[in-house]
Structure formats: C-alpha cells, structure tokens
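Shown next: protein.cif, containing mmCIF, C-alpha atoms and all ligand atoms.
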```cif
data_data
loop_
_atom_site.group_PDB
_atom_site.id
_atom_site.type_symbol
_atom_site.label_atom_id
_atom_site.label_comp_id
_atom_site.auth_asym_id
_atom_site.auth_seq_id
_atom_site.Cartn_x
_atom_site.Cartn_y
_atom_site.Cartn_z
ATOM 1 C CA MET A 1 16.360 -1.776 -17.494
ATOM 2 C CA ARG A 2 16.905 -2.453 -13.798
ATOM 3 C CA LYS A 3 18.263 0.668 -12.152
ATOM 4 C CA ASN A 4 18.690 2.028 -8.685
ATOM 5 C CA ILE A 5 16.111 4.749 -8.216
ATOM 6 C CA ALA A 6 15.400 7.303 -5.491
ATOM 7 C CA ALA A 7 12.026 8.918 -6.159
ATOM 8 C CA GLY A 8 10.737 11.780 -4.038
ATOM 9 C CA ASN A 9 6.947 12.036 -3.893
ATOM 10 C CA TRP A 10 6.188 15.493 -2.552
ATOM 11 C CA LYS A 11 2.430 14.778 -2.381
ATOM 12 C CA MET A 12 0.368 17.971 -1.832
ATOM 13 C CA ASN A 13 3.161 19.916 -0.134
ATOM 14 C CA LEU A 14 5.181 23.081 -0.848
ATOM 15 C CA ASP A 15 4.243 26.205 -2.781
ATOM 16 C CA LEU A 16 6.146 27.043 -5.960
ATOM 17 C CA ASP A 17 8.965 28.991 -4.303
ATOM 18 C CA ALA A 18 9.537 26.319 -1.690
ATOM 19 C CA GLY A 19 9.399 23.610 -4.353
ATOM 20 C CA LYS A 20 11.964 25.382 -6.546
ATOM 21 C CA LYS A 21 14.244 25.883 -3.553
ATOM 22 C CA LEU A 22 14.028 22.212 -2.603
ATOM 23 C CA ALA A 23 14.593 21.021 -6.168
ATOM 24 C CA SER A 24 17.608 23.335 -6.653
ATOM 25 C CA GLU A 25 19.159 22.103 -3.435
ATOM 26 C CA VAL A 26 18.632 18.453 -4.335
ATOM 27 C CA ILE A 27 19.997 18.944 -7.863
ATOM 28 C CA ASN A 28 23.086 20.841 -6.670
ATOM 29 C CA MET A 29 23.824 18.573 -3.736
ATOM 30 C CA THR A 30 23.372 15.497 -5.923
ATOM 31 C CA ALA A 31 25.871 16.891 -8.439
ATOM 32 C CA ASP A 32 28.367 17.696 -5.661
ATOM 33 C CA GLU A 33 28.020 14.699 -3.393
ATOM 34 C CA VAL A 34 26.590 11.673 -5.155
ATOM 35 C CA SER A 35 29.013 9.340 -6.868
ATOM 36 C CA ASN A 36 26.713 6.372 -7.512
ATOM 37 C CA ASP A 37 24.644 5.941 -10.677
ATOM 38 C CA ALA A 38 21.224 6.101 -9.040
ATOM 39 C CA GLU A 39 18.457 7.768 -10.950
ATOM 40 C CA VAL A 40 16.736 10.561 -9.025
ATOM 41 C CA ILE A 41 13.090 11.357 -9.711
ATOM 42 C CA LEU A 42 11.453 14.492 -8.315
ATOM 43 C CA ILE A 43 7.675 14.164 -8.176
ATOM 44 C CA PRO A 44 6.164 17.566 -7.339
ATOM 45 C CA PRO A 45 2.531 18.660 -7.594
ATOM 46 C CA PHE A 46 1.414 19.155 -11.228
ATOM 47 C CA LEU A 47 1.565 22.933 -11.003
ATOM 48 C CA HIS A 48 5.290 22.977 -10.248
ATOM 49 C CA ILE A 49 6.384 20.475 -12.885
ATOM 50 C CA THR A 50 7.366 22.975 -15.591
ATOM 51 C CA SER A 51 9.575 24.972 -13.221
ATOM 52 C CA ILE A 52 11.166 21.911 -11.672
ATOM 53 C CA LYS A 53 11.826 20.413 -15.093
ATOM 54 C CA GLN A 54 13.654 23.596 -16.099
ATOM 55 C CA LEU A 55 15.818 23.362 -13.001
ATOM 56 C CA ALA A 56 16.556 19.688 -13.673
ATOM 57 C CA GLY A 57 17.210 20.329 -17.357
ATOM 58 C CA SER A 58 20.975 20.257 -17.231
ATOM 59 C CA SER A 59 21.239 17.313 -14.862
ATOM 60 C CA LYS A 60 21.675 13.944 -16.520
ATOM 61 C CA ASN A 61 20.436 11.794 -13.654
ATOM 62 C CA VAL A 62 17.573 13.902 -12.249
ATOM 63 C CA PHE A 63 14.174 13.183 -13.809
ATOM 64 C CA VAL A 64 10.721 14.614 -13.154
ATOM 65 C CA GLY A 65 7.575 12.654 -12.412
ATOM 66 C CA ALA A 66 3.876 13.345 -11.924
ATOM 67 C CA GLN A 67 1.852 12.003 -9.026
ATOM 68 C CA ASN A 68 -1.144 10.994 -11.107
ATOM 69 C CA CYS A 69 -2.725 11.344 -14.554
ATOM 70 C CA SER A 70 -6.007 10.763 -16.300
ATOM 71 C CA ASN A 71 -6.687 7.541 -18.151
ATOM 72 C CA GLU A 72 -8.502 9.622 -20.783
ATOM 73 C CA ALA A 73 -6.714 11.288 -23.686
ATOM 74 C CA SER A 74 -8.614 14.601 -23.715
ATOM 75 C CA GLY A 75 -12.054 16.124 -23.413
ATOM 76 C CA ALA A 76 -14.642 17.122 -20.848
ATOM 77 C CA PHE A 77 -12.918 15.881 -17.688
ATOM 78 C CA THR A 78 -12.754 18.964 -15.492
ATOM 79 C CA GLY A 79 -9.755 19.030 -13.197
ATOM 80 C CA GLU A 80 -7.909 16.178 -14.897
ATOM 81 C CA ILE A 81 -4.449 16.151 -16.513
ATOM 82 C CA SER A 82 -3.654 13.959 -19.518
ATOM 83 C CA VAL A 83 -0.510 12.015 -20.290
ATOM 84 C CA GLU A 84 0.056 14.157 -23.422
ATOM 85 C CA MET A 85 0.009 17.295 -21.250
ATOM 86 C CA LEU A 86 2.548 15.761 -18.902
ATOM 87 C CA LYS A 87 4.695 14.718 -21.817
ATOM 88 C CA SER A 88 4.571 18.229 -23.280
ATOM 89 C CA VAL A 89 6.182 19.670 -20.133
ATOM 90 C CA GLY A 90 8.925 17.060 -20.009
ATOM 91 C CA VAL A 91 7.605 14.547 -17.498
ATOM 92 C CA ASP A 92 9.421 11.204 -17.583
ATOM 93 C CA TYR A 93 7.540 9.119 -14.993
ATOM 94 C CA VAL A 94 3.973 8.968 -13.665
ATOM 95 C CA VAL A 95 2.979 7.419 -10.340
ATOM 96 C CA VAL A 96 -0.036 5.149 -10.789
ATOM 97 C CA GLY A 97 -2.053 3.654 -7.967
ATOM 98 C CA HIS A 98 -0.487 5.244 -4.932
ATOM 99 C CA SER A 99 -2.396 3.957 -1.903
ATOM 100 C CA GLU A 100 -3.693 7.478 -1.264
ATOM 101 C CA ARG A 101 -5.262 7.458 -4.755
ATOM 102 C CA ARG A 102 -6.671 3.982 -4.151
ATOM 103 C CA GLU A 103 -8.034 4.764 -0.694
ATOM 104 C CA ILE A 104 -8.992 8.441 -0.611
ATOM 105 C CA PHE A 105 -10.022 8.811 -4.244
ATOM 106 C CA GLY A 106 -11.418 5.331 -4.760
ATOM 107 C CA GLU A 107 -9.256 4.405 -7.745
ATOM 108 C CA ASP A 108 -9.826 0.735 -8.510
ATOM 109 C CA ASP A 109 -7.753 -1.878 -10.277
ATOM 110 C CA ALA A 110 -9.500 -1.436 -13.631
ATOM 111 C CA LEU A 111 -8.914 2.323 -13.626
ATOM 112 C CA LEU A 112 -5.280 1.853 -12.616
ATOM 113 C CA ALA A 113 -4.746 -0.669 -15.401
ATOM 114 C CA ALA A 114 -6.180 1.900 -17.834
ATOM 115 C CA LYS A 115 -3.942 4.644 -16.440
ATOM 116 C CA THR A 116 -0.884 2.420 -16.741
ATOM 117 C CA LYS A 117 -1.768 1.703 -20.372
ATOM 118 C CA ALA A 118 -2.294 5.416 -21.055
ATOM 119 C CA VAL A 119 1.095 6.320 -19.557
ATOM 120 C CA LEU A 120 2.858 3.706 -21.681
ATOM 121 C CA ALA A 121 0.928 4.643 -24.818
ATOM 122 C CA GLY A 122 2.118 8.214 -24.313
ATOM 123 C CA GLY A 123 5.730 7.064 -24.129
ATOM 124 C CA LEU A 124 6.160 7.771 -20.393
ATOM 125 C CA LYS A 125 7.068 5.318 -17.649
ATOM 126 C CA PRO A 126 4.628 4.300 -14.920
ATOM 127 C CA ILE A 127 5.683 3.865 -11.308
ATOM 128 C CA PHE A 128 3.014 1.348 -10.385
ATOM 129 C CA CYS A 129 2.292 1.119 -6.653
ATOM 130 C CA CYS A 130 0.960 -1.832 -4.718
ATOM 131 C CA GLY A 131 0.768 -2.581 -1.019
ATOM 132 C CA GLU A 132 -1.352 -4.119 1.695
ATOM 133 C CA LYS A 133 -3.080 -2.524 4.672
ATOM 134 C CA LEU A 134 -2.239 -3.470 8.237
ATOM 135 C CA GLU A 135 -5.240 -5.777 8.668
ATOM 136 C CA SER A 136 -4.205 -7.711 5.555
ATOM 137 C CA ARG A 137 -0.723 -8.251 6.901
ATOM 138 C CA GLU A 138 -2.038 -9.225 10.312
ATOM 139 C CA SER A 139 -4.392 -11.773 8.752
ATOM 140 C CA ASP A 140 -1.619 -13.108 6.524
ATOM 141 C CA GLN A 141 -3.283 -11.890 3.341
ATOM 142 C CA HIS A 142 -0.424 -9.632 2.293
ATOM 143 C CA PHE A 143 0.957 -11.805 -0.495
ATOM 144 C CA ALA A 144 -2.512 -12.396 -1.923
ATOM 145 C CA ILE A 145 -3.351 -8.670 -1.859
ATOM 146 C CA ASN A 146 -0.182 -7.622 -3.640
ATOM 147 C CA LYS A 147 -0.597 -10.440 -6.162
ATOM 148 C CA GLU A 148 -4.104 -9.306 -6.981
ATOM 149 C CA GLN A 149 -3.105 -5.646 -7.355
ATOM 150 C CA ILE A 150 -0.232 -6.573 -9.644
ATOM 151 C CA GLU A 151 -2.182 -9.060 -11.731
ATOM 152 C CA LYS A 152 -5.092 -6.696 -12.261
ATOM 153 C CA GLY A 153 -2.958 -3.577 -12.658
ATOM 154 C CA ILE A 154 -0.083 -4.593 -14.914
ATOM 155 C CA PHE A 155 -0.309 -8.200 -16.051
ATOM 156 C CA GLY A 156 -2.404 -7.164 -19.037
ATOM 157 C CA LEU A 157 0.738 -5.568 -20.444
ATOM 158 C CA SER A 158 2.963 -7.079 -23.086
ATOM 159 C CA LYS A 159 6.499 -8.038 -22.168
ATOM 160 C CA GLU A 160 7.795 -5.013 -24.041
ATOM 161 C CA GLU A 161 5.460 -2.762 -22.033
ATOM 162 C CA ILE A 162 6.128 -4.222 -18.608
ATOM 163 C CA LEU A 163 9.855 -3.711 -19.099
ATOM 164 C CA LYS A 164 9.154 0.045 -18.939
ATOM 165 C CA VAL A 165 7.279 -0.178 -15.632
ATOM 166 C CA VAL A 166 8.828 0.590 -12.254
ATOM 167 C CA ILE A 167 7.027 -1.137 -9.384
ATOM 168 C CA ALA A 168 6.789 0.401 -5.919
ATOM 169 C CA TYR A 169 5.847 -1.852 -3.009
ATOM 170 C CA GLU A 170 4.390 0.424 -0.369
ATOM 171 C CA PRO A 171 2.822 -1.292 2.628
ATOM 172 C CA VAL A 172 0.070 1.121 3.646
ATOM 173 C CA TRP A 173 0.832 0.641 7.345
ATOM 174 C CA ALA A 174 4.323 2.055 6.779
ATOM 175 C CA ILE A 175 3.374 5.181 4.810
ATOM 176 C CA GLY A 176 3.693 8.416 6.751
ATOM 177 C CA THR A 177 3.588 6.506 10.016
ATOM 178 C CA GLY A 178 7.272 6.417 10.881
ATOM 179 C CA VAL A 179 6.976 2.618 10.945
ATOM 180 C CA THR A 180 9.177 1.080 8.262
ATOM 181 C CA ALA A 181 8.888 -2.472 7.034
ATOM 182 C CA SER A 182 11.971 -4.330 8.197
ATOM 183 C CA SER A 183 14.514 -4.963 5.488
ATOM 184 C CA ASP A 184 13.579 -8.655 5.699
ATOM 185 C CA GLN A 185 9.887 -7.895 5.204
ATOM 186 C CA ALA A 186 10.705 -5.644 2.241
ATOM 187 C CA GLN A 187 13.053 -8.192 0.673
ATOM 188 C CA GLU A 188 10.542 -10.998 1.142
ATOM 189 C CA MET A 189 7.786 -9.095 -0.661
ATOM 190 C CA HIS A 190 10.076 -7.758 -3.391
ATOM 191 C CA ALA A 191 11.350 -11.265 -4.125
ATOM 192 C CA TYR A 192 7.758 -12.497 -4.191
ATOM 193 C CA ILE A 193 6.749 -9.761 -6.665
ATOM 194 C CA ARG A 194 9.766 -10.491 -8.853
ATOM 195 C CA GLY A 195 8.774 -14.162 -8.789
ATOM 196 C CA LEU A 196 5.269 -13.286 -9.983
ATOM 197 C CA ILE A 197 6.776 -11.425 -12.934
ATOM 198 C CA ALA A 198 9.102 -14.323 -13.723
ATOM 199 C CA ASP A 199 6.148 -16.746 -13.700
ATOM 200 C CA LYS A 200 4.001 -14.527 -15.893
ATOM 201 C CA TYR A 201 6.723 -13.344 -18.294
ATOM 202 C CA ASP A 202 10.205 -14.800 -17.775
ATOM 203 C CA GLN A 203 13.159 -14.537 -15.421
ATOM 204 C CA GLU A 204 15.088 -12.130 -17.612
ATOM 205 C CA THR A 205 12.121 -9.752 -17.669
ATOM 206 C CA ALA A 206 11.711 -10.046 -13.901
ATOM 207 C CA ASP A 207 15.396 -9.335 -13.378
ATOM 208 C CA SER A 208 15.179 -6.202 -15.551
ATOM 209 C CA ILE A 209 12.452 -4.443 -13.562
ATOM 210 C CA SER A 210 13.219 -2.027 -10.733
ATOM 211 C CA ILE A 211 11.143 -2.634 -7.610
ATOM 212 C CA LEU A 212 11.179 0.254 -5.137
ATOM 213 C CA TYR A 213 10.207 0.143 -1.484
ATOM 214 C CA GLY A 214 8.071 2.951 -0.031
ATOM 215 C CA GLY A 215 7.003 3.668 3.525
ATOM 216 C CA SER A 216 8.930 5.828 5.972
ATOM 217 C CA VAL A 217 12.257 5.567 4.109
ATOM 218 C CA LYS A 218 14.750 7.793 5.941
ATOM 219 C CA PRO A 219 18.502 8.388 5.847
ATOM 220 C CA GLY A 220 18.839 6.039 8.827
ATOM 221 C CA ASN A 221 17.192 3.014 7.188
ATOM 222 C CA ALA A 222 17.804 3.558 3.460
ATOM 223 C CA GLU A 223 21.157 1.810 3.307
ATOM 224 C CA GLU A 224 19.891 -1.370 4.907
ATOM 225 C CA LEU A 225 16.763 -1.434 2.762
ATOM 226 C CA PHE A 226 18.662 -0.729 -0.476
ATOM 227 C CA SER A 227 21.256 -3.389 0.287
ATOM 228 C CA GLN A 228 18.596 -6.103 -0.066
ATOM 229 C CA PRO A 229 19.030 -7.962 -3.339
ATOM 230 C CA ASP A 230 15.518 -7.281 -4.633
ATOM 231 C CA VAL A 231 15.124 -3.714 -3.332
ATOM 232 C CA ASP A 232 16.187 -1.373 -6.129
ATOM 233 C CA GLY A 233 15.479 1.899 -4.380
ATOM 234 C CA GLY A 234 12.794 3.901 -2.671
ATOM 235 C CA LEU A 235 9.661 5.919 -3.261
ATOM 236 C CA VAL A 236 10.113 8.486 -0.526
ATOM 237 C CA GLY A 237 7.429 10.784 0.861
ATOM 238 C CA GLY A 238 8.157 12.829 3.978
ATOM 239 C CA ALA A 239 11.941 12.602 3.824
ATOM 240 C CA SER A 240 11.969 13.855 0.225
ATOM 241 C CA LEU A 241 10.784 17.260 1.450
ATOM 242 C CA LYS A 242 14.132 17.925 3.144
ATOM 243 C CA SER A 243 17.049 18.238 0.750
ATOM 244 C CA ARG A 244 19.627 16.981 3.251
ATOM 245 C CA ASP A 245 17.589 13.877 4.076
ATOM 246 C CA PHE A 246 16.702 13.096 0.482
ATOM 247 C CA VAL A 247 20.274 13.465 -0.777
ATOM 248 C CA ASP A 248 21.492 11.249 2.060
ATOM 249 C CA ILE A 249 18.954 8.667 0.892
ATOM 250 C CA ILE A 250 20.279 8.971 -2.692
ATOM 251 C CA LYS A 251 23.783 8.412 -1.331
ATOM 252 C CA ALA A 252 22.671 5.219 0.447
ATOM 253 C CA PHE A 253 23.021 2.984 -2.639
HETATM 254 P P1 LIG A 301 6.498 8.297 3.460
HETATM 255 O O1 LIG A 301 5.597 8.165 2.131
HETATM 256 O O2 LIG A 301 7.927 8.158 3.013
HETATM 257 O O3 LIG A 301 6.187 9.655 4.001
HETATM 258 O O4 LIG A 301 6.093 7.182 4.349
HETATM 259 C C1 LIG A 301 5.907 7.232 1.147
HETATM 260 C C2 LIG A 301 4.919 7.332 0.013
HETATM 261 O O5 LIG A 301 3.720 7.509 0.255
HETATM 262 O O6 LIG A 301 5.311 7.261 -1.173
#
```
Let me see the structure of the file written as structure tokens.
Amino acid sequence: MRKNIAAGNWKMNLDLDAGKKLASEVINMTADEVSNDAEVILIPPFLHITSIKQLAGSSKNVFVGAQNCSNEASGAFTGEISVEMLKSVGVDYVVVGHSERREIFGEDDALLAAKTKAVLAGGLKPIFCCGEKLESRESDQHFAINKEQIEKGIFGLSKEEILKVVIAYEPVWAIGTGVTASSDQAQEMHAYIRGLIADKYDQETADSISILYGGSVKPGNAEELFSQPDVDGGLVGGASLKSRDFVDIIKAF
C-alpha cells in the first residue's frame, strides 16, 4: 500500500545510550508534533534493535528496520544475521542493497535479489535501494543503471511480493555529500521507476508502491522533495541522527 514514509538510516553511528536517547526523542516529538499519517521507520545498528523496538512498542506509526540481513536462513555464516532473527526481535523492514553495501561490501545484483526474497519469505518488508554514481549521471547512463538494478533485484518477484517492497532511489553522488538531487531530478527518476513497474506488472501495482528518495535529505529540502507526485518520502542518513532535524523532516509531508 502506497504510504508516506520517513526512514532514518543511522548507519554505523551511536552507541546504545545515544541510540536510545535519539529514538525516545523522535518517538515523543512525533507523538507531540506530527499530525500527518506518515510512517516513521528507525533503522539502527543491529545491536540496538531490541532496545529501540521496546521504546517504539507503544507507538502506532513508528516502526523498526534493519540495515542489512543475510540471504541464508541459518548455519555457519560467522558475523551474519538472518531474517528470522530480525523477525524475532520485532523488525518490520530490512534495507537491501544500500549503495554502501553494493560498493564497500561488493554485494551484487544476484545476492540482493536473494536477500529481497529472503526478507519477503520471512514476512518482513524490504526497502530496496537503487541509484547511479556520478559518472553514470554525467554520461547519461542513469536511467539504464537504475533500470538494471531494479530488473535484476526485484523483477523476479511476483506481483503479490512486489506490493510489499518499498523502493528507495538514492543517487550515490547525493549520499552524505550535502548535494541533494533537485526535486525535478528526483521526480523524473521516481516517475521513470514507477513506469518500469507499470510496464512489468500493471499501473495499479505501480501506483501502490512507495518510492523514497535518499541523499542529503534535510529539513530545508524535505518539503519540496516530498511534494513531488512520485516521491513518497525519504531514506534519511545524516539528518536522522538529530531528533529535531528528523522530526522536522517527518513533518514535511
Ligand atoms: P544521507 O544518507 O542522508 O546522509 O545523504 C542517505 C542514505 O545513505 O540513506
């Protein structure tokens, strides 16, 4: 179901005390100040998930996500975390294919397709990320790159499955750089992605999927980005580490 979503990806930041403080502030400020129906997803490091889930327990619109998972169900995979484990501590969403996983950890399309399948098989919802690097945009390859990532990552899914996926378009050149895609650039790519889904599945399916923008979303640009017809929210990194900034972003719908 297409929803407005503000997801805060904490990446590898904050110890447990700082994470609990941030989550409590966001949960309380959201309850006090936010009147829209946006869904809020807190995505802390694995270790903090249980504590953050407890804090979010009473809140009906604050959900908890994981930044990654294994594609394997269980076994001798030292250092990995399975979907079942995430489910057992109350995780709702799992980020799959963040550009940092693709680039730094070498996760390829086949692995990301397997992770997406594993998340869905476990009854959780993937936040599937795609996005081009600067050189691809400069050489006008950005549509082709996103198309390939989407086709290889999620077009093996059934219609029923893809309806549970949230897509995040995150141009790599805008992540952590302070450079945001313009609202026109974001809208153009989001409409393109929605068109790909309509061609592969159908228009109703495409219209039901939330497509988030990620890359230097801040309180000062969130409203303009979120007002675009095909931008259904944000996957927010740096600004999600400050409660005031993140709640202002949630209020921007
Ligand atoms: P940023 O990160 O908001 O710090 O640019 C976004 C992301 O990587 O999800």
(message) Here is a test: counting all atoms listed in the file, which residue of A:Met12, A:Val64, A:Ala191, A:Ala18 is nearest to ligand LIG 301 (chain A)?
(response) A:Met12
(request) Would you mind telling me which residue in A:Leu86, A:Ala186, A:Val96, A:Val231 lies nearest to A:Ala6 when using all atoms listed in the file? (result)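 Of A:Leu86, A:Ala186, A:Val96, A:Val231, the one nearest A:Ala6, counting all atoms listed in the file, is A:Val231.
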Dump as a Markdown table the rows for residues of chain A within 7 Å of ligand LIG 301 (chain A): closest atom pair and distance in Å with one decimal, only C-alpha atoms and all ligand atoms counted, ordered by chain and rising residue number.
```
| residue | atom | partner | partner_atom | distance |
| --- | --- | --- | --- | --- |
| A:Asn9 | CA | A:LIG301 | O6 | 5.7 |
| A:Glu170 | CA | A:LIG301 | C2 | 6.9 |
| A:Ala174 | CA | A:LIG301 | O4 | 5.9 |
| A:Ile175 | CA | A:LIG301 | O4 | 3.4 |
| A:Gly176 | CA | A:LIG301 | O4 | 3.6 |
| A:Thr177 | CA | A:LIG301 | O4 | 6.2 |
| A:Gly178 | CA | A:LIG301 | O4 | 6.7 |
| A:Gly214 | CA | A:LIG301 | C1 | 4.9 |
| A:Gly215 | CA | A:LIG301 | O4 | 3.7 |
| A:Ser216 | CA | A:LIG301 | O4 | 3.5 |
| A:Val217 | CA | A:LIG301 | O2 | 5.2 |
| A:Leu235 | CA | A:LIG301 | O6 | 5.0 |
| A:Val236 | CA | A:LIG301 | O2 | 4.2 |
| A:Gly237 | CA | A:LIG301 | O2 | 3.4 |
| A:Gly238 | CA | A:LIG301 | O3 | 3.7 |
| A:Ala239 | CA | A:LIG301 | O2 | 6.0 |
```
(request) Please write the residues picked by the PyMOL selection byres (((chain A and resi 44) around 6) and not hetatm) on this file as number ranges by chain. (result) A: 10, 43, 45
(request) Go through A:Ala114, A:Met1, A:Val179, A:Ile27 and flag the residue nearest A:Lys164, using all atoms listed in the file for the distances. (result)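 Among A:Ala114, A:Met1, A:Val179, A:Ile27, it is A:Met1 that comes nearest to A:Lys164.
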(message) As an exercise, work out the distance from atom CA of A:Glu25 to atom CA of A:Phe246 in Å and give it to one decimal place.
(response) 10.1 Å
(message) With the PyMOL selection byres (((chain A and resi 39) around 8) and not hetatm) as the selection, what would be picked from this file? Answer as a ChimeraX atom specification, please.
(response) /A:3-6,37-38,40-41,61-63
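Shortest separation to A:Glu100 among A:Glu72, A:Lys87, A:Gly65, A:Lys11 occurs at residue A:Lys11, atoms counted being only C-alpha atoms.
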(message) I need the residue nearest A:Gly233 from this list: A:Leu55, A:Gly8, A:Tyr93, A:Ser74. Use all atoms listed in the file for the distance.
(response) A:Gly8
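Residues in contact range of A:Ser227, defined as at most 10 Å between all atoms listed in the file, with sequence neighbours fewer than 4 positions away removed, read Ser183, Gln187, Ala222, Glu223, Val231, Asp232, Gly233, Ala252 and Phe253 of chain A.
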(request) For the structure shown, which residues end up in the PyMOL selection byres (((chain A and resi 197) around 12) and not hetatm)? Put them as an NGL selection string, please? (result) :A and (147 or 150-151 or 154-159 or 162-163 or 165 or 167 or 190-196 or 198-211)
Store the residues of this selection in a file with C-alpha atoms, as a compact mmCIF listing (two decimals), in the frame of the given file.
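Result went into out.txt, see below:
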```
# COMPACT_ATOMS: atom_id res chain seq x y z
CA LYS A 147 -0.60 -10.44 -6.16
CA ILE A 150 -0.23 -6.57 -9.64
CA GLU A 151 -2.18 -9.06 -11.73
CA ILE A 154 -0.08 -4.59 -14.91
CA PHE A 155 -0.31 -8.20 -16.05
CA GLY A 156 -2.40 -7.16 -19.04
CA LEU A 157 0.74 -5.57 -20.44
CA SER A 158 2.96 -7.08 -23.09
CA LYS A 159 6.50 -8.04 -22.17
CA ILE A 162 6.13 -4.22 -18.61
CA LEU A 163 9.86 -3.71 -19.10
CA VAL A 165 7.28 -0.18 -15.63
CA ILE A 167 7.03 -1.14 -9.38
CA HIS A 190 10.08 -7.76 -3.39
CA ALA A 191 11.35 -11.26 -4.12
CA TYR A 192 7.76 -12.50 -4.19
CA ILE A 193 6.75 -9.76 -6.66
CA ARG A 194 9.77 -10.49 -8.85
CA GLY A 195 8.77 -14.16 -8.79
CA LEU A 196 5.27 -13.29 -9.98
CA ALA A 198 9.10 -14.32 -13.72
CA ASP A 199 6.15 -16.75 -13.70
CA LYS A 200 4.00 -14.53 -15.89
CA TYR A 201 6.72 -13.34 -18.29
CA ASP A 202 10.20 -14.80 -17.77
CA GLN A 203 13.16 -14.54 -15.42
CA GLU A 204 15.09 -12.13 -17.61
CA THR A 205 12.12 -9.75 -17.67
CA ALA A 206 11.71 -10.05 -13.90
CA ASP A 207 15.40 -9.34 -13.38
CA SER A 208 15.18 -6.20 -15.55
CA ILE A 209 12.45 -4.44 -13.56
CA SER A 210 13.22 -2.03 -10.73
CA ILE A 211 11.14 -2.63 -7.61
```
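The coordinates place atom CA of A:Val94 at 19.6 Å from atom CA of A:Lys20.
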(request) Tell me which of A:Ala181, A:Ala121, A:Ile145, A:Val172 sits closest to A:Glu160, counting all atoms listed in the file. (result)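 Counting all atoms listed in the file, the residue closest to A:Glu160 is A:Ala121.
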(message) Quick check, in Å to one decimal: how far apart do atom CA of A:Glu135 and atom CA of A:Glu103 lie?
(response)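 Spanning atom CA of A:Glu135 to atom CA of A:Glu103 is a straight-line distance of 14.4 Å.
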(request) Please provide the set of residues having any atom within 9 Å of stretch 136-143 of chain A, restricted to only C-alpha atoms, with same-chain residues fewer than 3 positions apart removed, written as a ChimeraX atom specification. (result) /A:131-133,146-148,171,189,192-193
Step by step, gather every atom of stretch 78-84 of chain A that the file lists, find the box along x, y and z that holds them, add 4 Å on each side, and finally give centre and edge lengths in Å to one decimal, as JSON.
```
{"center_x": -6.3, "center_y": 15.5, "center_z": -18.3, "size_x": 20.8, "size_y": 15.0, "size_z": 18.2}
```
Can you tell me which residues surround A:Gly19 at a distance of at most 10 Å, considering all atoms listed in the file, apart from same-chain residues fewer than 2 positions away, and format the answer as a PDB file with C-alpha atoms, in the frame of the given file?
```pdb
ATOM      1  CA  TRP A  10       6.188  15.493  -2.552  1.00  0.00           C
ATOM      2  CA  ASN A  13       3.161  19.916  -0.134  1.00  0.00           C
ATOM      3  CA  LEU A  14       5.181  23.081  -0.848  1.00  0.00           C
ATOM      4  CA  ASP A  15       4.243  26.205  -2.781  1.00  0.00           C
ATOM      5  CA  LEU A  16       6.146  27.043  -5.960  1.00  0.00           C
ATOM      6  CA  ASP A  17       8.965  28.991  -4.303  1.00  0.00           C
ATOM      7  CA  LYS A  21      14.244  25.883  -3.553  1.00  0.00           C
ATOM      8  CA  LEU A  22      14.028  22.212  -2.603  1.00  0.00           C
ATOM      9  CA  ALA A  23      14.593  21.021  -6.168  1.00  0.00           C
ATOM     10  CA  SER A  24      17.608  23.335  -6.653  1.00  0.00           C
ATOM     11  CA  GLU A  25      19.159  22.103  -3.435  1.00  0.00           C
ATOM     12  CA  PRO A  44       6.164  17.566  -7.339  1.00  0.00           C
ATOM     13  CA  PRO A  45       2.531  18.660  -7.594  1.00  0.00           C
ATOM     14  CA  HIS A  48       5.290  22.977 -10.248  1.00  0.00           C
ATOM     15  CA  ILE A  49       6.384  20.475 -12.885  1.00  0.00           C
ATOM     16  CA  SER A  51       9.575  24.972 -13.221  1.00  0.00           C
ATOM     17  CA  ILE A  52      11.166  21.911 -11.672  1.00  0.00           C
ATOM     18  CA  LEU A 241      10.784  17.260   1.450  1.00  0.00           C
TER      19      LEU A 241
END
```
Residues at most 8 Å from stretch 30-33 of chain A, counting all atoms listed in the file, excluding those fewer than 4 positions away in the same chain, as a compact mmCIF listing (two decimals) with C-alpha atoms, in the frame of the given file?
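Output below, filename around-v2.txt:
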```txt
# COMPACT_ATOMS: atom_id res chain seq x y z
CA VAL A 26 18.63 18.45 -4.34
CA SER A 59 21.24 17.31 -14.86
CA VAL A 247 20.27 13.46 -0.78
CA ILE A 250 20.28 8.97 -2.69
CA LYS A 251 23.78 8.41 -1.33
```
